>>> print(open('coords_17.cif').read())   # mmCIF, C-alpha atoms
data_protein
#
loop_
_atom_site.label_atom_id
_atom_site.label_comp_id
_atom_site.auth_asym_id
_atom_site.auth_seq_id
_atom_site.Cartn_x
_atom_site.Cartn_y
_atom_site.Cartn_z
CA MET S 1 -54.23 38.41 -48.04
CA ASP S 2 -53.42 34.88 -49.17
CA THR S 3 -50.29 35.73 -51.14
CA LYS S 4 -49.76 32.15 -52.31
CA ALA S 5 -53.28 31.96 -53.76
CA PHE S 6 -52.82 35.35 -55.43
CA LYS S 7 -49.54 34.26 -57.06
CA ARG S 8 -51.21 31.04 -58.26
CA SER S 9 -54.02 33.07 -59.79
CA LEU S 10 -51.58 35.50 -61.37
CA ASN S 11 -49.50 32.66 -62.85
CA SER S 12 -52.56 31.37 -64.69
CA SER S 13 -53.50 34.78 -66.12
CA GLU S 14 -53.00 35.36 -69.84
CA ASN S 15 -51.66 38.84 -68.97
CA TYR S 16 -48.76 37.44 -66.90
CA HIS S 17 -45.47 36.33 -68.50
CA ARG S 18 -42.47 34.65 -66.86
CA LYS S 19 -40.81 33.54 -70.10
CA GLY S 20 -39.68 35.28 -73.26
CA PHE S 21 -41.71 35.96 -76.38
CA GLY S 22 -39.77 33.96 -78.97
CA HIS S 23 -37.19 36.61 -79.86
CA GLU S 24 -34.31 34.89 -78.05
CA ALA S 25 -31.88 34.65 -80.99
CA GLU S 26 -32.36 38.25 -82.09
CA VAL S 27 -32.00 39.56 -78.54
CA ALA S 28 -28.97 37.34 -77.81
CA SER S 29 -26.99 38.89 -80.68
CA LEU S 30 -28.00 42.38 -79.53
CA LEU S 31 -26.91 41.72 -75.95
CA GLU S 32 -23.63 40.24 -77.13
CA SER S 33 -22.78 43.32 -79.19
CA GLU S 34 -23.77 45.76 -76.43
CA TYR S 35 -22.49 44.07 -73.29
CA GLN S 36 -19.95 41.33 -74.00
CA SER S 37 -16.20 41.80 -74.53
CA SER S 38 -13.60 39.93 -76.55
CA LEU S 39 -10.86 41.31 -74.27
CA ILE S 40 -12.51 39.89 -71.16
CA GLN S 41 -12.85 36.53 -72.89
CA GLN S 42 -9.15 36.69 -73.78
CA ILE S 43 -8.29 37.30 -70.12
CA ARG S 44 -10.48 34.39 -69.06
CA ASP S 45 -8.72 32.13 -71.56
CA ASN S 46 -5.33 33.28 -70.23
CA ASN S 47 -5.90 32.04 -66.68
CA TYR S 48 -7.65 35.31 -65.73
CA THR S 49 -4.42 37.28 -66.21
CA LEU S 50 -3.32 39.98 -68.65
CA GLN S 51 0.04 41.80 -68.63
CA ARG S 52 0.84 44.93 -70.60
CA GLY S 53 4.02 46.80 -69.81
CA ASP S 54 4.48 46.91 -66.05
CA VAL S 55 0.78 46.37 -65.29
CA LYS S 56 -0.65 42.94 -64.57
CA ILE S 57 -4.42 42.57 -64.36
CA ARG S 58 -5.73 39.72 -62.20
CA LEU S 59 -9.38 39.09 -62.86
CA ALA S 60 -11.56 37.28 -60.32
CA GLU S 61 -12.53 33.83 -61.58
CA ALA S 62 -16.24 34.59 -61.12
CA PHE S 63 -17.56 38.09 -61.73
CA GLY S 64 -20.05 40.14 -63.70
CA PHE S 65 -23.43 39.19 -65.15
CA CYS S 66 -25.03 36.21 -63.46
CA TRP S 67 -27.63 34.00 -65.11
CA GLY S 68 -30.53 35.75 -63.35
CA VAL S 69 -29.35 39.18 -64.52
CA GLU S 70 -28.79 37.99 -68.11
CA ARG S 71 -32.27 36.50 -68.08
CA ALA S 72 -33.89 39.69 -66.76
CA VAL S 73 -32.16 41.98 -69.26
CA ALA S 74 -32.93 39.62 -72.15
CA MET S 75 -36.62 39.52 -71.14
CA ALA S 76 -36.74 43.33 -71.00
CA TYR S 77 -35.26 43.55 -74.50
CA GLU S 78 -37.69 40.89 -75.74
CA THR S 79 -40.60 42.81 -74.24
CA ARG S 80 -39.70 45.91 -76.25
CA GLN S 81 -39.41 43.82 -79.43
CA HIS S 82 -42.71 42.04 -78.80
CA PHE S 83 -44.59 45.23 -77.93
CA PRO S 84 -43.05 47.76 -80.35
CA THR S 85 -45.73 50.45 -79.98
CA GLU S 86 -47.19 49.82 -76.50
CA ARG S 87 -46.30 51.96 -73.51
CA ILE S 88 -43.86 49.95 -71.37
CA TRP S 89 -43.04 50.65 -67.73
CA ILE S 90 -40.64 49.10 -65.26
CA THR S 91 -41.29 49.23 -61.52
CA ASN S 92 -37.64 49.74 -60.58
CA GLU S 93 -34.17 49.53 -62.09
CA ILE S 94 -34.00 46.25 -64.04
CA ILE S 95 -30.63 45.62 -62.35
CA HIS S 96 -28.24 47.86 -60.43
CA ASN S 97 -26.18 49.06 -63.37
CA PRO S 98 -26.49 52.62 -64.74
CA SER S 99 -25.53 51.81 -68.34
CA VAL S 100 -28.08 49.00 -68.67
CA ASN S 101 -30.87 51.11 -67.17
CA GLN S 102 -29.96 54.03 -69.43
CA ARG S 103 -30.15 51.71 -72.44
CA LEU S 104 -33.71 50.75 -71.46
CA ARG S 105 -34.63 54.43 -71.22
CA GLU S 106 -33.28 54.89 -74.76
CA MET S 107 -35.63 52.07 -75.79
CA GLN S 108 -38.55 54.11 -74.38
CA VAL S 109 -39.03 51.94 -71.32
CA GLU S 110 -40.41 54.28 -68.64
CA PHE S 111 -39.41 53.98 -64.98
CA ILE S 112 -42.03 54.37 -62.25
CA GLU S 113 -41.31 57.63 -60.47
CA VAL S 114 -40.67 57.76 -56.74
CA ASN S 115 -42.15 60.76 -54.90
CA GLN S 116 -41.26 61.26 -51.23
CA GLY S 117 -40.21 57.64 -50.93
CA GLN S 118 -43.37 56.25 -52.54
CA LYS S 119 -43.75 54.86 -56.05
CA ASP S 120 -46.27 56.75 -58.15
CA PHE S 121 -48.27 54.36 -60.35
CA SER S 122 -50.79 57.02 -61.39
CA GLY S 123 -49.39 57.18 -64.94
CA VAL S 124 -49.83 53.45 -65.55
CA ALA S 125 -52.98 52.97 -67.58
CA GLN S 126 -55.15 49.92 -68.08
CA GLY S 127 -53.53 47.59 -70.60
CA ASP S 128 -50.02 49.07 -70.34
CA VAL S 129 -47.08 46.66 -70.27
CA VAL S 130 -45.16 46.59 -66.98
CA ILE S 131 -41.84 44.85 -66.35
CA LEU S 132 -41.01 43.58 -62.87
CA PRO S 133 -37.21 43.74 -62.34
CA ALA S 134 -34.76 41.00 -61.37
CA PHE S 135 -35.16 41.87 -57.66
CA GLY S 136 -38.91 41.28 -57.88
CA ALA S 137 -41.79 43.49 -56.81
CA SER S 138 -44.00 43.52 -53.76
CA VAL S 139 -47.20 41.51 -53.83
CA GLN S 140 -49.13 44.78 -53.38
CA GLU S 141 -47.58 46.17 -56.58
CA MET S 142 -48.44 42.99 -58.46
CA GLN S 143 -52.00 43.18 -57.18
CA LEU S 144 -52.36 46.81 -58.29
CA LEU S 145 -51.06 46.04 -61.79
CA ASN S 146 -53.25 42.97 -62.07
CA GLU S 147 -56.34 44.99 -61.12
CA ARG S 148 -55.50 47.46 -63.89
CA SER S 149 -55.34 44.60 -66.40
CA CYS S 150 -51.72 45.42 -67.23
CA THR S 151 -49.58 42.98 -69.16
CA ILE S 152 -47.04 41.92 -66.53
CA VAL S 153 -43.60 40.70 -67.59
CA ASP S 154 -41.99 39.18 -64.49
CA THR S 155 -38.19 38.96 -64.71
CA THR S 156 -37.75 38.14 -61.00
CA CYS S 157 -34.67 35.98 -60.46
CA PRO S 158 -35.65 32.40 -59.56
CA TRP S 159 -33.30 32.60 -56.55
CA VAL S 160 -35.37 35.50 -55.22
CA SER S 161 -38.56 33.52 -55.86
CA LYS S 162 -37.02 30.66 -53.85
CA VAL S 163 -36.72 32.99 -50.85
CA TRP S 164 -40.38 34.00 -51.29
CA ASN S 165 -41.35 30.32 -51.17
CA THR S 166 -39.33 29.99 -47.96
CA VAL S 167 -41.11 32.82 -46.16
CA GLU S 168 -44.43 31.37 -47.36
CA LYS S 169 -43.46 28.14 -45.55
CA HIS S 170 -42.62 30.15 -42.43
CA LYS S 171 -46.02 31.83 -42.61
CA LYS S 172 -47.86 28.54 -43.08
CA GLY S 173 -46.17 27.14 -39.96
CA THR S 174 -46.71 30.38 -37.98
CA TYR S 175 -42.97 31.03 -37.78
CA THR S 176 -41.66 34.58 -37.78
CA SER S 177 -39.34 35.19 -40.73
CA ILE S 178 -35.95 36.55 -39.69
CA ILE S 179 -34.64 38.10 -42.94
CA HIS S 180 -30.93 38.90 -43.24
CA GLY S 181 -30.90 41.95 -45.46
CA LYS S 182 -31.38 45.69 -45.84
CA TYR S 183 -34.94 46.63 -44.90
CA ASN S 184 -35.14 49.35 -47.61
CA HIS S 185 -33.66 47.25 -50.43
CA GLU S 186 -36.25 46.45 -53.10
CA GLU S 187 -35.59 42.71 -52.89
CA THR S 188 -36.15 42.64 -49.13
CA ILE S 189 -39.26 44.83 -49.50
CA ALA S 190 -40.63 42.29 -51.97
CA THR S 191 -39.67 39.31 -49.78
CA SER S 192 -41.24 40.81 -46.66
CA SER S 193 -44.48 41.43 -48.58
CA PHE S 194 -44.83 37.65 -48.99
CA ALA S 195 -44.01 36.97 -45.35
CA GLY S 196 -46.42 36.92 -42.45
CA ILE S 197 -44.69 38.22 -39.34
CA TYR S 198 -41.12 39.29 -40.11
CA LEU S 199 -38.03 41.02 -38.72
CA VAL S 200 -35.14 42.24 -40.89
CA VAL S 201 -31.62 42.12 -39.39
CA LEU S 202 -28.80 43.89 -41.20
CA ASN S 203 -25.75 42.20 -39.69
CA LEU S 204 -24.30 40.04 -36.92
CA ALA S 205 -24.58 42.84 -34.37
CA GLU S 206 -28.32 43.22 -34.91
CA ALA S 207 -28.75 39.43 -34.92
CA GLU S 208 -26.90 39.21 -31.59
CA TYR S 209 -29.15 41.93 -30.12
CA VAL S 210 -32.24 39.90 -31.10
CA CYS S 211 -30.75 36.65 -29.78
CA ASN S 212 -29.98 38.29 -26.43
CA TYR S 213 -33.57 39.52 -26.26
CA ILE S 214 -34.85 36.00 -26.94
CA LEU S 215 -32.75 34.56 -24.10
CA GLN S 216 -32.84 37.34 -21.54
CA GLY S 217 -35.72 39.64 -22.47
CA GLY S 218 -35.10 43.37 -22.48
CA ASP S 219 -36.55 46.78 -23.10
CA ARG S 220 -39.50 46.19 -25.43
CA GLU S 221 -39.80 49.84 -26.47
CA GLU S 222 -36.08 50.06 -27.21
CA PHE S 223 -36.37 46.94 -29.39
CA LEU S 224 -39.34 48.33 -31.32
CA THR S 225 -37.60 51.68 -31.79
CA LYS S 226 -34.45 49.98 -33.08
CA PHE S 227 -36.36 47.89 -35.64
CA ARG S 228 -39.27 50.29 -36.29
CA LYS S 229 -38.66 50.26 -40.07
CA ALA S 230 -37.55 46.65 -40.23
CA CYS S 231 -40.46 44.62 -38.89
CA SER S 232 -44.05 43.73 -39.72
CA GLN S 233 -46.89 45.88 -38.45
CA GLY S 234 -47.80 45.12 -34.84
CA PHE S 235 -44.60 43.16 -34.24
CA ASP S 236 -44.30 42.00 -30.62
CA PRO S 237 -40.79 40.81 -29.65
CA ASP S 238 -42.13 39.12 -26.50
CA LYS S 239 -44.46 36.90 -28.52
CA ASP S 240 -43.22 36.83 -32.12
CA LEU S 241 -39.72 35.48 -31.42
CA GLU S 242 -40.86 32.15 -29.97
CA ARG S 243 -40.92 30.44 -33.39
CA ILE S 244 -38.55 31.70 -36.09
CA GLY S 245 -37.36 30.82 -39.59
CA ILE S 246 -34.32 32.15 -41.43
CA ALA S 247 -34.37 33.82 -44.86
CA ASN S 248 -32.10 36.30 -46.61
CA GLN S 249 -31.65 38.94 -49.25
CA THR S 250 -29.83 36.92 -51.91
CA THR S 251 -26.99 39.42 -52.35
CA MET S 252 -25.79 39.49 -48.73
CA LEU S 253 -22.45 37.98 -47.72
CA LYS S 254 -22.81 34.20 -47.67
CA GLY S 255 -20.64 33.73 -44.57
CA GLU S 256 -22.57 36.33 -42.59
CA THR S 257 -25.94 34.77 -43.50
CA GLU S 258 -24.63 31.38 -42.36
CA GLN S 259 -23.32 32.83 -39.09
CA ILE S 260 -26.63 34.54 -38.41
CA GLY S 261 -28.50 31.31 -39.05
CA LYS S 262 -26.22 29.39 -36.67
CA MET S 263 -26.53 32.10 -34.03
CA PHE S 264 -30.32 31.87 -34.06
CA GLU S 265 -30.22 28.07 -34.12
CA HIS S 266 -27.95 27.98 -31.04
CA THR S 267 -30.15 30.54 -29.31
CA MET S 268 -33.32 28.51 -29.82
CA LEU S 269 -31.47 25.32 -28.85
CA LYS S 270 -30.35 26.94 -25.61
CA LYS S 271 -33.81 28.26 -24.83
CA TYR S 272 -35.96 25.27 -25.80
CA GLY S 273 -33.60 22.27 -25.86
CA PRO S 274 -32.84 19.77 -28.66
CA ALA S 275 -36.15 17.92 -28.37
CA GLU S 276 -38.15 21.10 -29.06
CA LEU S 277 -35.78 22.79 -31.53
CA ASN S 278 -37.74 21.91 -34.66
CA GLN S 279 -40.87 23.42 -33.13
CA HIS S 280 -39.11 26.76 -32.73
CA PHE S 281 -36.55 27.00 -35.56
CA LEU S 282 -36.63 26.51 -39.36
CA SER S 283 -33.80 26.99 -41.82
CA PHE S 284 -33.56 26.49 -45.59
CA ASN S 285 -30.59 27.25 -47.83
CA THR S 286 -31.57 30.38 -49.76
CA ILE S 287 -28.05 31.64 -50.52
CA CYS S 288 -27.75 32.49 -54.22
CA ASP S 289 -25.19 30.37 -56.10
CA ALA S 290 -23.99 33.31 -58.21
CA THR S 291 -23.49 35.60 -55.20
CA GLN S 292 -21.62 32.82 -53.41
CA GLU S 293 -19.38 32.11 -56.42
CA ARG S 294 -18.41 35.79 -56.80
CA GLN S 295 -17.63 36.10 -53.11
CA ASP S 296 -15.54 32.91 -53.12
CA ALA S 297 -13.61 34.16 -56.17
CA MET S 298 -12.98 37.49 -54.43
CA PHE S 299 -11.64 35.75 -51.31
CA LYS S 300 -9.26 33.81 -53.58
CA LEU S 301 -8.17 36.98 -55.39
CA VAL S 302 -7.36 38.96 -52.22
CA ASP S 303 -5.10 36.11 -51.09
CA GLU S 304 -2.82 37.00 -53.99
CA GLN S 305 -0.26 39.83 -53.95
CA VAL S 306 -2.34 42.65 -55.48
CA ASN S 307 -1.43 46.31 -55.06
CA LEU S 308 -4.96 47.64 -55.46
CA MET S 309 -8.45 46.41 -56.24
CA MET S 310 -10.96 47.73 -58.75
CA VAL S 311 -14.53 46.79 -57.82
CA ILE S 312 -16.91 47.68 -60.65
CA GLY S 313 -20.68 47.91 -60.24
CA GLY S 314 -23.62 50.12 -59.42
CA TYR S 315 -23.32 52.14 -56.22
CA ASN S 316 -26.70 50.79 -55.08
CA SER S 317 -25.66 47.21 -55.85
CA SER S 318 -25.59 45.23 -52.62
CA ASN S 319 -23.56 42.32 -53.99
CA THR S 320 -20.93 44.72 -55.39
CA THR S 321 -20.61 46.48 -52.03
CA HIS S 322 -20.03 43.14 -50.33
CA LEU S 323 -17.21 42.35 -52.78
CA GLN S 324 -15.61 45.65 -51.82
CA GLU S 325 -15.96 44.75 -48.12
CA ILE S 326 -13.76 41.71 -48.68
CA ALA S 327 -10.93 43.84 -50.11
CA VAL S 328 -11.28 46.47 -47.38
CA GLU S 329 -11.13 43.81 -44.65
CA ARG S 330 -7.80 42.63 -46.11
CA GLY S 331 -6.42 46.18 -46.07
CA ILE S 332 -6.09 46.36 -49.86
CA PRO S 333 -6.62 49.83 -51.41
CA SER S 334 -10.01 49.43 -53.09
CA TYR S 335 -11.89 51.65 -55.54
CA HIS S 336 -15.59 51.01 -56.16
CA ILE S 337 -16.64 52.69 -59.41
CA ASP S 338 -19.75 52.25 -61.53
CA CYS S 339 -18.33 53.24 -64.93
CA VAL S 340 -15.06 54.14 -66.64
CA GLU S 341 -15.89 57.85 -66.55
CA ARG S 342 -15.16 57.82 -62.80
CA ILE S 343 -11.45 57.48 -63.66
CA LEU S 344 -10.72 61.18 -64.13
CA SER S 345 -6.94 60.95 -64.65
CA ARG S 346 -3.91 58.99 -63.53
CA ASP S 347 -3.93 61.14 -60.38
CA ARG S 348 -7.66 61.39 -59.61
CA ILE S 349 -10.50 58.89 -59.37
CA GLU S 350 -14.12 59.42 -58.33
CA HIS S 351 -15.16 56.43 -56.24
CA LYS S 352 -17.38 55.33 -53.37
CA PRO S 353 -15.54 54.24 -50.23
CA LEU S 354 -17.33 51.66 -48.10
CA HIS S 355 -20.27 53.19 -46.17
CA ARG S 356 -19.46 56.72 -47.39
CA GLU S 357 -20.62 59.03 -50.15
CA ILE S 358 -18.81 59.39 -53.48
CA GLU S 359 -15.51 61.23 -53.19
CA VAL S 360 -12.36 61.93 -55.21
CA ALA S 361 -9.09 60.17 -54.34
CA GLU S 362 -5.74 61.63 -55.33
CA SER S 363 -2.65 59.70 -56.46
CA TRP S 364 -4.68 56.51 -56.69
CA LEU S 365 -2.59 54.83 -59.44
CA PRO S 366 0.99 54.33 -58.19
CA GLU S 367 3.96 54.53 -60.50
CA GLY S 368 6.07 51.49 -61.30
CA PRO S 369 5.05 47.82 -61.67
CA LEU S 370 1.52 47.05 -60.44
CA VAL S 371 -0.69 44.01 -59.93
CA ILE S 372 -4.31 45.17 -60.05
CA GLY S 373 -7.14 42.92 -58.97
CA VAL S 374 -10.41 43.40 -60.85
CA THR S 375 -13.90 42.14 -60.06
CA SER S 376 -17.43 43.27 -60.82
CA GLY S 377 -20.88 42.81 -59.38
CA ALA S 378 -23.51 40.50 -60.82
CA SER S 379 -25.18 43.42 -62.64
CA THR S 380 -22.06 44.67 -64.45
CA PRO S 381 -21.59 43.94 -68.17
CA ASP S 382 -18.19 42.68 -69.34
CA LYS S 383 -17.97 45.69 -71.69
CA VAL S 384 -17.86 48.04 -68.68
CA VAL S 385 -15.05 45.97 -67.13
CA GLU S 386 -13.13 46.10 -70.44
CA ASP S 387 -13.45 49.89 -70.56
CA VAL S 388 -11.98 50.20 -67.05
CA ILE S 389 -9.06 47.86 -67.80
CA GLU S 390 -8.21 49.64 -71.07
CA ARG S 391 -8.34 53.01 -69.29
CA ILE S 392 -5.87 51.82 -66.65
CA PHE S 393 -3.50 50.46 -69.32
CA SER S 394 -3.74 53.75 -71.19
CA LEU S 395 -2.95 55.83 -68.10
CA LYS S 396 0.00 53.66 -67.13
CA ALA S 397 1.33 53.74 -70.69
CA SER S 398 1.17 57.55 -70.70
CA VAL S 399 3.20 57.61 -67.46
CA ALA S 400 5.85 55.39 -69.08
CA VAL S 401 6.02 57.61 -72.15
CA GLY S 402 6.16 60.75 -70.01
#
>>> encode(input="coords_17.cif", output="structure tokens")
Amino acid sequence: MDTKAFKRSLNSSENYHRKGFGHEAEVASLLESEYQSSLIQQIRDNNYTLQRGDVKIRLAEAFGFCWGVERAVAMAYETRQHFPTERIWITNEIIHNPSVNQRLREMQVEFIEVNQGQKDFSGVAQGDVVILPAFGASVQEMQLLNERSCTIVDTTCPWVSKVWNTVEKHKKGTYTSIIHGKYNHEETIATSSFAGIYLVVLNLAEAEYVCNYILQGGDREEFLTKFRKACSQGFDPDKDLERIGIANQTTMLKGETEQIGKMFEHTMLKKYGPAELNQHFLSFNTICDATQERQDAMFKLVDEQVNLMMVIGGYNSSNTTHLQEIAVERGIPSYHIDCVERILSRDRIEHKPLHREIEVAESWLPEGPLVIGVTSGASTPDKVVEDVIERIFSLKASVAVG
């Protein structure tokens, strides 16, 4: 289908909304009371540092809610206010934060169920209101909702939309989109639905495998088996890697996306020469400013003398996981938690180590003076960060008293 024409048509529909409904002031005060924190503001004002007793908290200089997330959550709240009695659905988590999604459920926003890996839209009736989350939705989902005459409230982050525009340009020029991301992440699913021919690479190792295939050829069946879930239907590595363009999932590590882009550029330069490079390679900057800022702040924080790192955010949050990677690479003890309730006691914490399932760590909070680094993903409210910091202070104070 002509996805660009469909989006143009959808944009002009009276059932499609990309802006709020005039309840900004009311919603802003609600969001402030539910998600913001005077303690976190105090730490910001004090050069991102807070000391109590023998514990010093060092807060990353960029963390937590980004503009795109704030916008999406505010639009979801406005939607409930504007449609007080209508049945409201959301196609996925609004953002990757359990407390925010639970709050929407309390507001009677229903989440599309997933059965055996497939979303079940059977309960969505004609005229229902449907929210598209910050990560976006596939063009097929938009088409289905449009055909049912649903009122669509699109909270897709503009940075994600920018990537969609990029893959549309690839498609127009018959370039294959090489997408740096996780093939089963909802943002990448949405992005690939706007692409023509595409291939999703997870990391530098997969990118290098593809580059070697471009230069030297290889086992076609092995290639297709390796990327069987991460490429467009009918993908042919012997034909579809002659002209490529670079795109990315906006929450991936900035440095890795840049390295992957350079690797493909050098590969095409080597194969086709400088005079022909532009006929075989396209690259646009689609790295999200907010993701980049949080990663840069984390790199700065791990350069300091911190004893341990608290990384706060949803366990399915890609940008939070990448913040944790930075601490792990520096050898700093790091605990990724999604809420304060994961801190079970001063001796036990329930956390998610990198690339593993949730587990319980013992003796996680050392005795004596501590410098604790704290950051949070772009979907984490300041209030959640405050709760974690206060819990740590409380546990350390009880040790001192004991």
>>> resolve_selection(input="coords_17.cif", expression="the PyMOL selection byres ((chain S and resi 14) around 12)", output="PDB file with C-alpha atoms, in the frame of the given file")
ATOM      1  CA  SER S   9     -54.020  33.070 -59.790  1.00  0.00           C
ATOM      2  CA  LEU S  10     -51.580  35.500 -61.370  1.00  0.00           C
ATOM      3  CA  ASN S  11     -49.500  32.660 -62.850  1.00  0.00           C
ATOM      4  CA  SER S  12     -52.560  31.370 -64.690  1.00  0.00           C
ATOM      5  CA  SER S  13     -53.500  34.780 -66.120  1.00  0.00           C
ATOM      6  CA  ASN S  15     -51.660  38.840 -68.970  1.00  0.00           C
ATOM      7  CA  TYR S  16     -48.760  37.440 -66.900  1.00  0.00           C
ATOM      8  CA  HIS S  17     -45.470  36.330 -68.500  1.00  0.00           C
ATOM      9  CA  ARG S  18     -42.470  34.650 -66.860  1.00  0.00           C
ATOM     10  CA  ASN S 146     -53.250  42.970 -62.070  1.00  0.00           C
ATOM     11  CA  SER S 149     -55.340  44.600 -66.400  1.00  0.00           C
ATOM     12  CA  CYS S 150     -51.720  45.420 -67.230  1.00  0.00           C
ATOM     13  CA  THR S 151     -49.580  42.980 -69.160  1.00  0.00           C
ATOM     14  CA  ILE S 152     -47.040  41.920 -66.530  1.00  0.00           C
ATOM     15  CA  VAL S 153     -43.600  40.700 -67.590  1.00  0.00           C
TER      16      VAL S 153
END
>>> closest_residue(input="coords_17.cif", among="S:Leu202, S:Ile312, S:Ala5, S:Val385", to="S:Lys229", atoms="all atoms listed in the file")
S:Leu202
>>> atom_distance(input="coords_17.cif", atom1="atom CA of S:Leu132", atom2="atom CA of S:Asn92")
7.4 Å
>>> closest_residue(input="coords_17.cif", among="S:Asn212, S:Ser38, S:Gln126, S:Gln305", to="S:Glu147", atoms="all atoms listed in the file")
S:Gln126
>>> atom_distance(input="coords_17.cif", atom1="atom CA of S:Leu145", atom2="atom CA of S:Val100")
24.2 Å
>>> build_atoms(input="coords_17.cif", residues="stretch 253-266 of chain S", atoms="N, CA, C and O atoms", output="compact mmCIF listing (two decimals), in the frame of the given file")
# COMPACT_ATOMS: atom_id res chain seq x y z
N LEU S 253 -23.62 38.85 -47.83
CA LEU S 253 -22.45 37.98 -47.72
C LEU S 253 -22.85 36.59 -47.24
O LEU S 253 -23.51 36.46 -46.19
N LYS S 254 -22.45 35.58 -47.99
CA LYS S 254 -22.81 34.20 -47.67
C LYS S 254 -22.40 33.82 -46.24
O LYS S 254 -23.19 33.29 -45.46
N GLY S 255 -21.15 34.12 -45.89
CA GLY S 255 -20.64 33.73 -44.57
C GLY S 255 -21.42 34.37 -43.44
O GLY S 255 -21.68 33.73 -42.42
N GLU S 256 -21.82 35.63 -43.64
CA GLU S 256 -22.57 36.33 -42.59
C GLU S 256 -23.97 35.73 -42.44
O GLU S 256 -24.45 35.54 -41.32
N THR S 257 -24.62 35.41 -43.57
CA THR S 257 -25.94 34.77 -43.50
C THR S 257 -25.85 33.44 -42.74
O THR S 257 -26.70 33.14 -41.90
N GLU S 258 -24.80 32.66 -43.04
CA GLU S 258 -24.63 31.38 -42.36
C GLU S 258 -24.40 31.57 -40.86
O GLU S 258 -24.96 30.83 -40.04
N GLN S 259 -23.57 32.56 -40.51
CA GLN S 259 -23.32 32.83 -39.09
C GLN S 259 -24.57 33.25 -38.36
O GLN S 259 -24.82 32.83 -37.22
N ILE S 260 -25.38 34.08 -39.02
CA ILE S 260 -26.63 34.54 -38.41
C ILE S 260 -27.57 33.37 -38.20
O ILE S 260 -28.20 33.23 -37.14
N GLY S 261 -27.65 32.49 -39.19
CA GLY S 261 -28.50 31.31 -39.05
C GLY S 261 -28.07 30.44 -37.88
O GLY S 261 -28.89 29.98 -37.09
N LYS S 262 -26.75 30.21 -37.77
CA LYS S 262 -26.22 29.39 -36.67
C LYS S 262 -26.46 30.06 -35.32
O LYS S 262 -26.77 29.40 -34.33
N MET S 263 -26.32 31.38 -35.28
CA MET S 263 -26.53 32.10 -34.03
C MET S 263 -27.97 31.93 -33.53
O MET S 263 -28.21 31.66 -32.35
N PHE S 264 -28.93 32.05 -34.45
CA PHE S 264 -30.32 31.87 -34.06
C PHE S 264 -30.63 30.42 -33.69
O PHE S 264 -31.38 30.14 -32.76
N GLU S 265 -30.01 29.49 -34.43
CA GLU S 265 -30.22 28.07 -34.12
C GLU S 265 -29.71 27.75 -32.71
O GLU S 265 -30.41 27.09 -31.92
N HIS S 266 -28.51 28.23 -32.37
CA HIS S 266 -27.95 27.98 -31.04
C HIS S 266 -28.78 28.65 -29.95
O HIS S 266 -28.95 28.11 -28.86
